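Enquirer: Input file: start17.cif. Contents: mmCIF, C-alpha atoms.
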```cif
data_final
#
loop_
_atom_site.label_atom_id
_atom_site.label_comp_id
_atom_site.auth_asym_id
_atom_site.auth_seq_id
_atom_site.Cartn_x
_atom_site.Cartn_y
_atom_site.Cartn_z
CA MET A 157 101.18 159.00 -15.11
CA VAL A 158 101.66 162.29 -13.26
CA ASN A 159 103.09 165.14 -15.34
CA TYR A 160 104.82 168.00 -13.50
CA ILE A 161 105.28 171.20 -15.52
CA ASP A 162 106.85 174.64 -15.10
CA ALA A 163 103.98 176.98 -14.23
CA LYS A 164 105.51 179.76 -16.36
CA SER A 165 105.05 177.75 -19.56
CA ALA A 166 101.65 176.26 -18.69
CA PRO A 167 98.36 177.43 -20.24
CA LEU A 168 95.89 179.20 -17.94
CA ARG A 169 93.49 176.29 -17.72
CA ASN A 170 93.28 173.05 -15.79
CA THR A 171 95.04 170.49 -17.97
CA GLY A 172 95.47 167.90 -15.23
CA ASP A 173 99.20 168.59 -15.09
CA ILE A 174 100.82 169.57 -11.77
CA ARG A 175 102.23 173.10 -11.94
CA LEU A 176 105.48 173.87 -10.17
CA TYR A 177 105.83 177.54 -9.23
CA GLY A 178 108.99 179.51 -8.53
CA GLU A 179 109.65 182.44 -6.23
CA GLU A 180 107.48 184.76 -8.32
CA GLY A 181 104.52 182.46 -7.79
CA PHE A 182 105.16 182.14 -4.08
CA GLU A 183 105.38 185.92 -3.75
CA GLY A 184 102.09 186.37 -5.63
CA MET A 185 100.44 183.82 -3.36
CA ARG A 186 101.80 185.55 -0.26
CA ARG A 187 100.11 188.79 -1.28
CA ALA A 188 96.81 187.18 -2.26
CA GLY A 189 96.83 184.83 0.74
CA GLN A 190 97.51 187.63 3.20
CA LEU A 191 94.67 189.69 1.75
CA ALA A 192 92.26 186.78 2.31
CA ALA A 193 93.65 186.33 5.83
CA ARG A 194 93.21 190.00 6.68
CA ALA A 195 89.64 189.86 5.42
CA LEU A 196 88.90 186.88 7.66
CA ASP A 197 90.44 188.78 10.57
CA GLY A 198 87.92 191.54 9.85
CA VAL A 199 85.06 189.04 9.75
CA ALA A 200 85.83 188.08 13.37
CA LYS A 201 84.57 191.51 14.43
CA LEU A 202 81.30 191.09 12.50
CA VAL A 203 80.11 187.64 13.58
CA LYS A 204 77.58 188.31 16.34
CA PRO A 205 74.00 187.28 17.15
CA GLY A 206 71.56 189.26 15.03
CA VAL A 207 74.00 189.99 12.20
CA PRO A 208 72.90 188.66 8.78
CA THR A 209 75.47 186.80 6.71
CA GLN A 210 74.79 189.34 3.94
CA VAL A 211 76.66 191.86 6.11
CA ILE A 212 79.71 189.56 5.92
CA ASP A 213 79.34 189.29 2.16
CA ASP A 214 79.15 193.07 1.81
CA PHE A 215 82.30 193.43 3.91
CA ILE A 216 84.20 190.95 1.72
CA ARG A 217 83.10 192.85 -1.39
CA ASP A 218 84.14 196.22 0.01
CA PHE A 219 87.43 194.97 1.46
CA GLY A 220 88.38 193.51 -1.90
CA GLU A 221 87.53 196.72 -3.74
CA GLU A 222 89.58 198.78 -1.29
CA ASN A 223 92.60 196.55 -1.90
CA GLY A 224 92.38 196.11 -5.67
CA ALA A 225 91.13 192.51 -5.58
CA LEU A 226 88.08 190.66 -6.86
CA PRO A 227 86.23 187.86 -5.01
CA ALA A 228 86.71 184.74 -7.12
CA THR A 229 83.26 183.35 -6.28
CA LEU A 230 81.34 186.25 -7.83
CA ASN A 231 79.72 184.94 -11.05
CA TYR A 232 81.68 181.68 -10.78
CA ARG A 233 79.39 179.15 -12.49
CA GLY A 234 76.49 181.50 -11.81
CA TYR A 235 77.19 182.06 -8.10
CA ARG A 236 76.07 185.60 -7.19
CA LYS A 237 77.83 186.31 -3.89
CA HIS A 238 81.31 187.39 -2.83
CA THR A 239 81.86 184.66 -0.24
CA CYS A 240 80.33 181.47 1.15
CA THR A 241 78.82 181.38 4.64
CA SER A 242 78.02 177.89 5.92
CA ILE A 243 76.04 177.68 9.17
CA ASN A 244 75.69 174.71 11.56
CA HIS A 245 74.83 171.63 9.44
CA VAL A 246 75.81 173.33 6.17
CA VAL A 247 79.04 171.66 5.04
CA CYS A 248 80.09 174.22 2.44
CA HIS A 249 78.90 176.69 -0.23
CA GLY A 250 76.24 178.29 1.98
CA ILE A 251 74.83 181.41 0.32
CA PRO A 252 74.84 184.69 2.30
CA ASN A 253 71.39 186.16 2.95
CA GLU A 254 69.45 188.50 5.26
CA LYS A 255 68.64 185.88 7.91
CA PRO A 256 70.35 186.91 11.18
CA LEU A 257 72.83 184.65 12.93
CA LYS A 258 71.64 183.24 16.26
CA GLU A 259 73.37 182.79 19.61
CA GLY A 260 75.00 179.35 19.62
CA ASP A 261 75.40 179.05 15.83
CA ILE A 262 78.71 178.21 14.22
CA VAL A 263 79.55 179.58 10.78
CA ASN A 264 82.31 178.99 8.26
CA VAL A 265 83.32 181.93 6.08
CA ASP A 266 85.21 180.99 2.91
CA VAL A 267 87.04 183.76 1.00
CA THR A 268 89.01 183.68 -2.23
CA TYR A 269 90.46 186.90 -3.61
CA VAL A 270 92.06 187.33 -7.01
CA LEU A 271 94.92 189.80 -6.59
CA ASP A 272 97.14 190.55 -9.59
CA GLY A 273 96.12 187.21 -11.10
CA TRP A 274 96.81 185.13 -7.97
CA TYR A 275 94.12 183.31 -5.97
CA GLY A 276 94.27 183.53 -2.17
CA ASP A 277 91.85 180.94 -0.76
CA SER A 278 91.09 180.42 2.94
CA SER A 279 88.27 179.75 5.37
CA ARG A 280 87.71 179.81 9.13
CA MET A 281 85.06 178.86 11.65
CA TYR A 282 83.41 181.47 13.86
CA PRO A 283 81.30 180.88 16.98
CA VAL A 284 78.24 183.13 17.26
CA GLY A 285 78.14 184.32 20.83
CA GLU A 286 78.38 181.54 23.42
CA ILE A 287 78.31 178.04 21.95
CA LYS A 288 77.85 174.62 23.51
CA ARG A 289 80.69 172.18 24.07
CA ALA A 290 79.79 169.88 21.16
CA PRO A 291 80.23 172.53 18.42
CA GLU A 292 83.25 173.93 20.27
CA ARG A 293 84.87 170.48 20.22
CA LEU A 294 84.01 170.05 16.53
CA ILE A 295 85.77 173.33 15.73
CA GLU A 296 88.82 172.20 17.70
CA VAL A 297 88.96 168.82 15.95
CA THR A 298 88.54 170.41 12.52
CA TYR A 299 91.33 172.92 13.09
CA GLU A 300 93.64 170.19 14.35
CA SER A 301 92.71 168.09 11.30
CA LEU A 302 93.86 170.93 9.04
CA MET A 303 97.16 171.39 10.87
CA ILE A 304 97.83 167.63 11.02
CA GLY A 305 97.30 167.49 7.25
CA ILE A 306 99.61 170.47 6.69
CA ALA A 307 102.32 168.73 8.76
CA GLN A 308 102.40 166.01 6.07
CA ALA A 309 102.83 168.55 3.25
CA LYS A 310 106.52 168.22 2.43
CA PRO A 311 108.67 166.93 -0.43
CA GLY A 312 108.72 163.16 -0.83
CA ASN A 313 105.39 162.65 0.91
CA THR A 314 102.20 162.06 -1.05
CA THR A 315 98.71 163.52 -1.23
CA GLY A 316 97.58 160.25 0.36
CA ASP A 317 99.71 160.99 3.42
CA ILE A 318 97.77 164.25 3.93
CA GLY A 319 94.43 162.48 3.67
CA ALA A 320 95.44 159.52 5.81
CA ALA A 321 96.70 161.74 8.62
CA ILE A 322 93.49 163.77 8.66
CA GLN A 323 91.24 160.71 8.47
CA GLU A 324 93.04 158.83 11.25
CA TYR A 325 92.86 161.79 13.60
CA ALA A 326 89.27 162.90 12.87
CA GLU A 327 87.80 159.41 12.94
CA GLY A 328 89.77 158.73 16.11
CA GLU A 329 87.83 161.66 17.58
CA ARG A 330 84.58 159.97 16.47
CA CYS A 331 83.89 162.47 13.70
CA GLY A 332 83.07 161.94 10.03
CA VAL A 333 85.35 163.13 7.20
CA VAL A 334 83.44 164.48 4.20
CA ARG A 335 84.35 162.71 0.95
CA ASP A 336 82.30 164.75 -1.53
CA PHE A 337 84.53 167.85 -1.49
CA CYS A 338 88.29 168.22 -1.40
CA GLY A 339 91.24 170.59 -1.53
CA HIS A 340 92.70 171.55 -4.88
CA GLY A 341 95.55 173.10 -6.75
CA VAL A 342 95.51 176.89 -6.70
CA GLY A 343 97.77 179.70 -7.86
CA GLN A 344 96.84 181.40 -11.12
CA LEU A 345 93.69 179.27 -11.35
CA PHE A 346 90.82 179.03 -8.86
CA HIS A 347 90.70 175.23 -9.08
CA ASP A 348 93.61 173.27 -10.53
CA ALA A 349 95.25 169.86 -10.22
CA PRO A 350 95.84 168.03 -7.98
CA ASN A 351 92.80 167.21 -5.89
CA ILE A 352 93.68 166.97 -2.19
CA LEU A 353 91.48 164.37 -0.52
CA HIS A 354 91.02 164.54 3.25
CA TYR A 355 90.97 160.76 3.59
CA GLY A 356 93.14 158.07 2.08
CA SER A 357 96.03 155.69 2.53
CA TRP A 358 99.63 156.36 3.50
CA GLY A 359 102.02 156.45 0.55
CA GLU A 360 99.30 156.60 -2.11
CA GLY A 361 98.38 159.46 -4.40
CA ILE A 362 100.67 162.03 -6.02
CA GLU A 363 104.20 162.71 -4.81
CA LEU A 364 104.65 166.21 -3.40
CA LYS A 365 107.42 168.28 -5.00
CA PRO A 366 108.77 171.79 -4.29
CA GLY A 367 106.77 174.43 -6.15
CA MET A 368 103.37 172.76 -5.84
CA ILE A 369 100.64 175.09 -4.54
CA PHE A 370 97.29 173.84 -3.27
CA THR A 371 94.65 174.11 -0.56
CA ILE A 372 93.97 171.78 2.35
CA GLU A 373 90.42 172.29 3.63
CA PRO A 374 88.97 169.39 5.64
CA MET A 375 85.23 169.34 6.24
CA ILE A 376 84.50 167.39 9.42
CA ASN A 377 81.06 166.33 10.67
CA LEU A 378 79.97 165.47 14.20
CA GLY A 379 77.95 162.66 12.63
CA LYS A 380 78.38 160.60 9.49
CA PRO A 381 80.31 161.95 6.49
CA HIS A 382 77.44 161.88 4.00
CA VAL A 383 76.18 165.11 2.42
CA LYS A 384 73.57 166.29 -0.04
CA VAL A 385 73.25 169.44 -2.15
CA LEU A 386 70.05 171.47 -1.83
CA LYS A 387 67.84 172.59 -4.72
CA ASP A 388 69.71 175.89 -5.05
CA GLY A 389 72.52 173.84 -6.58
CA TRP A 390 75.13 175.14 -4.12
CA THR A 391 74.34 174.58 -0.46
CA ALA A 392 75.74 171.26 0.75
CA VAL A 393 74.37 169.93 4.06
CA THR A 394 74.94 166.87 6.24
CA ARG A 395 72.41 164.14 5.48
CA ASP A 396 71.96 163.33 9.16
CA LYS A 397 71.69 167.07 10.04
CA SER A 398 74.73 166.84 12.31
CA LEU A 399 76.98 169.88 12.70
CA SER A 400 79.82 170.41 10.23
CA ALA A 401 82.96 172.53 10.35
CA GLN A 402 85.79 173.47 7.99
CA PHE A 403 89.14 175.28 8.04
CA GLU A 404 91.24 176.00 4.95
CA HIS A 405 94.72 177.25 4.14
CA SER A 406 96.51 177.78 0.84
CA ILE A 407 100.05 176.38 1.00
CA GLY A 408 103.12 175.93 -1.17
CA ILE A 409 105.59 173.04 -1.00
CA THR A 410 109.15 174.22 -0.27
CA GLU A 411 112.49 172.35 -0.31
CA THR A 412 112.07 171.42 3.37
CA GLY A 413 108.33 171.48 4.09
CA CYS A 414 105.62 173.97 3.22
CA GLU A 415 104.74 177.63 3.48
CA ILE A 416 101.26 178.65 4.63
CA PHE A 417 100.20 181.70 2.62
CA THR A 418 96.97 182.43 4.50
CA LEU A 419 98.08 182.63 8.14
CA SER A 420 96.33 185.38 10.09
CA PRO A 421 98.60 188.40 10.60
CA ALA A 422 96.67 189.07 13.83
CA GLY A 423 97.00 185.50 15.13
CA LEU A 424 93.29 184.81 14.65
CA ASP A 425 93.58 181.47 12.85
CA LYS A 426 91.60 179.56 15.50
CA PRO A 427 88.80 180.62 17.88
CA PRO A 428 88.27 182.01 20.40
CA TYR A 429 88.98 185.29 18.65
CA ASN A 430 89.87 188.09 21.03
CA VAL A 431 88.75 191.14 19.07
CA ASP A 432 87.39 194.53 20.13
#
```
Any chance you could put this one into structure tokens?
Expert:
Amino acid sequence: MVNYIDAKSAPLRNTGDIRLYGEEGFEGMRRAGQLAARALDGVAKLVKPGVPTQVIDDFIRDFGEENGALPATLNYRGYRKHTCTSINHVVCHGIPNEKPLKEGDIVNVDVTYVLDGWYGDSSRMYPVGEIKRAPERLIEVTYESLMIGIAQAKPGNTTGDIGAAIQEYAEGERCGVVRDFCGHGVGQLFHDAPNILHYGSWGEGIELKPGMIFTIEPMINLGKPHVKVLKDGWTAVTRDKSLSAQFEHSIGITETGCEIFTLSPAGLDKPPYNVD
């Protein structure tokens, strides 16, 4: 049985209940979401051949400090970086390091800031220099998968509708939908109920109600959907070494649809990014 509760009276831990937030929660998420979006706008200027992903991590750290926010990943379950940078066949949770990006790479940068107790969580794909058509198409399919899922995020629909829409589209484009990772409730917790699967069946899952806040973050592979986690305990890669891509937004269910908290204020939600 699904239990929906007023977020104001809920304990600050994942109890499995579905929190329903009011205007105060939506306003907090707007501020945190826009900070994450602005940071990702800044990343677009950094992603170039020869630039190490550690430079991106340093930027996310500094940008957060300048704006009174903390990166949620730092020290989360022992993770030591301020963001995740997932390159080529890395599905998610890639760890920033000093290895330079190469011409033709694609990289996902995933940022979550904690601002005044609210978690703004978003990620985007970035091409490194000129890329081939196959990774370019994967990025396009993955972005469309996200937006097709968001289109199903409205009262009366279900979490299964989100997953089914994404799965039908992505598999129709001959891509694999990762099953091992999913979207999640967010707000005053980094990871909360419900889980948002990016595959599923129409009409199944949890009913969406106004006040719910969660992420949609499909991970789409050019090959099969299977992944494995490397010995570092974090980096997830495709088993068949095919390319993988991901986009993520934090959203809130409204009376008529949903609000996207993490839209780019500069219009840089999808490549190509026209930046100086």
Enquirer: Exactly which residues make up the result of the PyMOL selection byres ((chain A and resi 338) around 12) on this file, given as a PDB file with C-alpha atoms, in the frame of the given file?
Expert:
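In the end it all went to out_26.pdb:
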```
ATOM      1  CA  VAL A 247      79.040 171.660   5.040  1.00  0.00           C
ATOM      2  CA  CYS A 248      80.090 174.220   2.440  1.00  0.00           C
ATOM      3  CA  THR A 315      98.710 163.520  -1.230  1.00  0.00           C
ATOM      4  CA  ILE A 318      97.770 164.250   3.930  1.00  0.00           C
ATOM      5  CA  GLY A 319      94.430 162.480   3.670  1.00  0.00           C
ATOM      6  CA  VAL A 333      85.350 163.130   7.200  1.00  0.00           C
ATOM      7  CA  VAL A 334      83.440 164.480   4.200  1.00  0.00           C
ATOM      8  CA  ARG A 335      84.350 162.710   0.950  1.00  0.00           C
ATOM      9  CA  ASP A 336      82.300 164.750  -1.530  1.00  0.00           C
ATOM     10  CA  PHE A 337      84.530 167.850  -1.490  1.00  0.00           C
ATOM     11  CA  GLY A 339      91.240 170.590  -1.530  1.00  0.00           C
ATOM     12  CA  HIS A 340      92.700 171.550  -4.880  1.00  0.00           C
ATOM     13  CA  GLY A 341      95.550 173.100  -6.750  1.00  0.00           C
ATOM     14  CA  HIS A 347      90.700 175.230  -9.080  1.00  0.00           C
ATOM     15  CA  ASP A 348      93.610 173.270 -10.530  1.00  0.00           C
ATOM     16  CA  ALA A 349      95.250 169.860 -10.220  1.00  0.00           C
ATOM     17  CA  PRO A 350      95.840 168.030  -7.980  1.00  0.00           C
ATOM     18  CA  ASN A 351      92.800 167.210  -5.890  1.00  0.00           C
ATOM     19  CA  ILE A 352      93.680 166.970  -2.190  1.00  0.00           C
ATOM     20  CA  LEU A 353      91.480 164.370  -0.520  1.00  0.00           C
ATOM     21  CA  HIS A 354      91.020 164.540   3.250  1.00  0.00           C
ATOM     22  CA  TYR A 355      90.970 160.760   3.590  1.00  0.00           C
ATOM     23  CA  GLY A 356      93.140 158.070   2.080  1.00  0.00           C
ATOM     24  CA  PHE A 370      97.290 173.840  -3.270  1.00  0.00           C
ATOM     25  CA  THR A 371      94.650 174.110  -0.560  1.00  0.00           C
ATOM     26  CA  ILE A 372      93.970 171.780   2.350  1.00  0.00           C
ATOM     27  CA  GLU A 373      90.420 172.290   3.630  1.00  0.00           C
ATOM     28  CA  PRO A 374      88.970 169.390   5.640  1.00  0.00           C
ATOM     29  CA  MET A 375      85.230 169.340   6.240  1.00  0.00           C
ATOM     30  CA  ILE A 376      84.500 167.390   9.420  1.00  0.00           C
ATOM     31  CA  GLN A 402      85.790 173.470   7.990  1.00  0.00           C
ATOM     32  CA  PHE A 403      89.140 175.280   8.040  1.00  0.00           C
ATOM     33  CA  GLU A 404      91.240 176.000   4.950  1.00  0.00           C
TER      34      GLU A 404
END
```
Enquirer: Please identify all polymer residues within 7 Å of Trp274 in chain A, counting all atoms listed in the file, omitting same-chain residues fewer than 5 positions from it, and present them as a list in words.
Expert: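 The contact residues come out as Gly184, Met185, Ala188, Gly343 and Gln344 of chain A.
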Enquirer: CA of Val263 in chain A and CA of Tyr275 in chain A are how many Å apart?
Expert: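 Between CA of Val263 in chain A and CA of Tyr275 in chain A the gap works out to 22.5 Å.
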Enquirer: Can you tell me which residues surround Ala401 in chain A at a distance of at most 10 Å, considering all atoms listed in the file, apart from same-chain residues fewer than 5 positions away, and format the answer as a list in words?
Expert: Ser242, Ile243, Asn244, His245, Val246, Val247, Cys248, Ile262, Val263, Asn264, Arg280, Met281, Tyr282, Pro291, Leu294, Ile295, Glu296, Val297, Thr298, Tyr299, Pro374, Met375, Ile376, Asn377 and Leu378 of chain A
Enquirer: Can you find the residues with an atom no farther than 10 Å from (102.9, 184.8, -2.9), counting only C-alpha atoms, and report them as a list in words?
Expert: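 Within 10 Å of (102.9, 184.8, -2.9), the protein and nucleic acid residues are Gly178, Glu179, Glu180, Gly181, Phe182, Glu183, Gly184, Met185, Arg186, Arg187, Ala188, Gly189, Gln190, Trp274, Tyr275, Gly276, Gly343, Ile407, Gly408, Glu415, Ile416, Phe417 and Thr418 of chain A.
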Enquirer: Could you tell me which residues the PyMOL selection byres ((chain A and resi 201) around 12) returns for this structure, as a ChimeraX atom specification?
Expert: /A:194-200,202-205,207,211-212,215,282-285,424,428-432
Enquirer: Fewer than 5 positions away in the same chain doesn't count, so skip those; otherwise give me all residues within 9 Å of range 310-314 of chain A, counting only C-alpha atoms, as a short mmCIF file (atom, residue, chain, number, x, y, z; two decimals) with C-alpha atoms, in the frame of the given file.
Expert:
```
data_model
loop_
_atom_site.label_atom_id
_atom_site.label_comp_id
_atom_site.auth_asym_id
_atom_site.auth_seq_id
_atom_site.Cartn_x
_atom_site.Cartn_y
_atom_site.Cartn_z
CA TRP A 358 99.63 156.36 3.50
CA GLY A 359 102.02 156.45 0.55
CA GLU A 360 99.30 156.60 -2.11
CA GLY A 361 98.38 159.46 -4.40
CA ILE A 362 100.67 162.03 -6.02
CA GLU A 363 104.20 162.71 -4.81
CA LEU A 364 104.65 166.21 -3.40
CA LYS A 365 107.42 168.28 -5.00
CA PRO A 366 108.77 171.79 -4.29
CA ILE A 409 105.59 173.04 -1.00
CA THR A 410 109.15 174.22 -0.27
CA GLU A 411 112.49 172.35 -0.31
CA THR A 412 112.07 171.42 3.37
CA GLY A 413 108.33 171.48 4.09
CA CYS A 414 105.62 173.97 3.22
#
```
Enquirer: For Gly389 in chain A, which residue among A:Ile304, A:Arg233, A:Arg289, A:Asp425 is the nearest when counting only C-alpha atoms?
Expert: A:Arg233
